[in-house]
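This report refers to the structure that appears directly beneath it.
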Amino acid sequence: MNNAKSYQITYKGKWLSINGAYNSNRFTRTKVKNEYKDIFKPLIAALEIPEQIQQYTLKVDYNSKLDAINVAAALKIFEDCLKEMGVIINDDKRYNLGVSITPNSSLKHNSYVVVIEIKNKNDE
């Protein structure tokens with residue numbers, strides 16, 4: 001039986017695509033990354049996660065013009081925020097057990113729902 005706990009944030013607005021990240025120089029990338037951190041950190045803090053997450057998966061449902069792979073750039077910044085804030089131990093494969101990114105036309109345009117699902121060692 002899977003009794004995994006999860007936390008969800010919903011973000012509506014512009015999302016950084018991989019194409020957008022690739023098409024900027026390193027100074028612009030740092031500026032943009034910090035802008036997204038300024039967006040994501042308060043959303044994460046509002047979750048009030050009581051203890052550090054050991055293992056997890058990230059799931060994103062979204063509705064925008066982006067294709068699924070392009071959503072990964074901002075998701076990586078989101079995950080970096082989790083690490084910087086001490087919500088997760090690390091973001092390598094020992095702790096992040098998977099990512100799914102799914103288009104969902106039932107969401108409002110330019111909406112992104114990110115779910116952090118805590119995994120127990122017995123979960124499959």
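Each chain in the structure tokens gets a letter, A, B and so on, in the order shown; residues start at 1 in every chain, and ligands are counted from 1 in the order they appear.
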Discussion item. What's around Phe78 in chain A at 9 Å? Count only C-alpha atoms, leave out sequence neighbours fewer than 3 positions away in its own chain, and write the answer as a PyMOL selection string.
Written reply: chain A and resi 36-37+40-41+44+73-75+81-83
Worksheet item: Quick one: DSSP helix (DSSP H, G or I) residues in chain A, as a PyMOL selection string?
Response: chain A and resi 18-22+26-45+68-84
Selection to disk with C-alpha atoms, as an mmCIF file, in the first residue's frame:
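Final file, again-v3.cif:
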data_model
loop_
_atom_site.group_PDB
_atom_site.id
_atom_site.type_symbol
_atom_site.label_atom_id
_atom_site.label_comp_id
_atom_site.auth_asym_id
_atom_site.auth_seq_id
_atom_site.Cartn_x
_atom_site.Cartn_y
_atom_site.Cartn_z
ATOM 1 C CA ILE A 18 15.345 24.942 -22.282
ATOM 2 C CA ASN A 19 15.419 26.827 -25.580
ATOM 3 C CA GLY A 20 15.253 30.126 -23.718
ATOM 4 C CA ALA A 21 18.071 29.082 -21.408
ATOM 5 C CA TYR A 22 20.277 27.911 -24.284
ATOM 6 C CA ARG A 26 26.013 33.066 -19.097
ATOM 7 C CA PHE A 27 25.369 36.462 -17.494
ATOM 8 C CA THR A 28 21.775 36.511 -18.677
ATOM 9 C CA ARG A 29 21.309 32.884 -17.586
ATOM 10 C CA THR A 30 22.428 33.740 -14.042
ATOM 11 C CA LYS A 31 20.057 36.711 -13.932
ATOM 12 C CA VAL A 32 17.131 34.655 -15.211
ATOM 13 C CA LYS A 33 17.934 31.773 -12.853
ATOM 14 C CA ASN A 34 17.890 34.170 -9.898
ATOM 15 C CA GLU A 35 14.582 35.664 -11.060
ATOM 16 C CA TYR A 36 13.013 32.186 -11.048
ATOM 17 C CA LYS A 37 14.540 31.409 -7.652
ATOM 18 C CA ASP A 38 12.868 34.572 -6.352
ATOM 19 C CA ILE A 39 9.559 33.195 -7.647
ATOM 20 C CA PHE A 40 9.962 29.603 -6.476
ATOM 21 C CA LYS A 41 11.442 30.057 -2.994
ATOM 22 C CA PRO A 42 8.371 31.775 -1.469
ATOM 23 C CA LEU A 43 6.110 29.128 -3.034
ATOM 24 C CA ILE A 44 8.248 26.379 -1.512
ATOM 25 C CA ALA A 45 8.446 28.126 1.872
ATOM 26 C CA ALA A 68 7.214 18.604 -22.299
ATOM 27 C CA ILE A 69 11.024 18.522 -22.477
ATOM 28 C CA ASN A 70 11.203 22.320 -22.582
ATOM 29 C CA VAL A 71 9.570 22.475 -19.136
ATOM 30 C CA ALA A 72 12.685 20.879 -17.603
ATOM 31 C CA ALA A 73 14.797 24.075 -17.406
ATOM 32 C CA ALA A 74 12.615 25.836 -14.837
ATOM 33 C CA LEU A 75 11.963 22.532 -13.071
ATOM 34 C CA LYS A 76 15.723 22.182 -12.538
ATOM 35 C CA ILE A 77 15.804 25.651 -10.960
ATOM 36 C CA PHE A 78 12.841 24.625 -8.772
ATOM 37 C CA GLU A 79 14.730 21.516 -7.644
ATOM 38 C CA ASP A 80 17.871 23.588 -6.970
ATOM 39 C CA CYS A 81 15.745 25.802 -4.712
ATOM 40 C CA LEU A 82 14.574 22.719 -2.808
ATOM 41 C CA LYS A 83 18.215 21.795 -2.212
ATOM 42 C CA GLU A 84 19.338 25.331 -1.302
#
Practice prompt. Would you kindly return, as a list in words, each protein, DNA or RNA residue with an atom no farther than 12 Å from any atom of Gln54 in chain A, considering only C-alpha atoms and excluding same-chain residues fewer than 2 positions away?
Written response: Glu51, Gln52, Tyr56, Thr57, Leu82, Lys83, Gly86, Val87, Ile88, Ile89, Asn90, Asp91, Asp92, Lys93, Arg94, Tyr95, Asn96, Leu97, Ile116, Glu117, Ile118, Lys119, Asn120 and Lys121 of chain A
Discussion item. Report as a PyMOL selection string all protein, DNA and RNA residues lying within 7 Å of range 99-102 of chain A, evaluated on only C-alpha atoms, omitting residues in the same chain fewer than 3 positions from it.
Written reply: chain A and resi 57-62+68
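For the pair CA of Leu66 in chain A and CA of Lys14 in chain A, the interatomic distance is 10.5 Å.
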Worksheet item: What residues in chain A get the DSSP label strand (DSSP E)? Please answer as a ChimeraX atom specification.
Response: /A:6-12,56-63,96-103,111-118
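Of the residues under consideration (A:Ile9, A:Ile49, A:Val115, A:Leu16), A:Ile49 shows the shortest atom-to-atom contact distance to Met85 in chain A when counting only C-alpha atoms.
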Item to complete: Would you work out the distance separating CA of Ala46 in chain A from CA of Leu107 in chain A, expressed in Å to one decimal?
Response: 21.6 Å
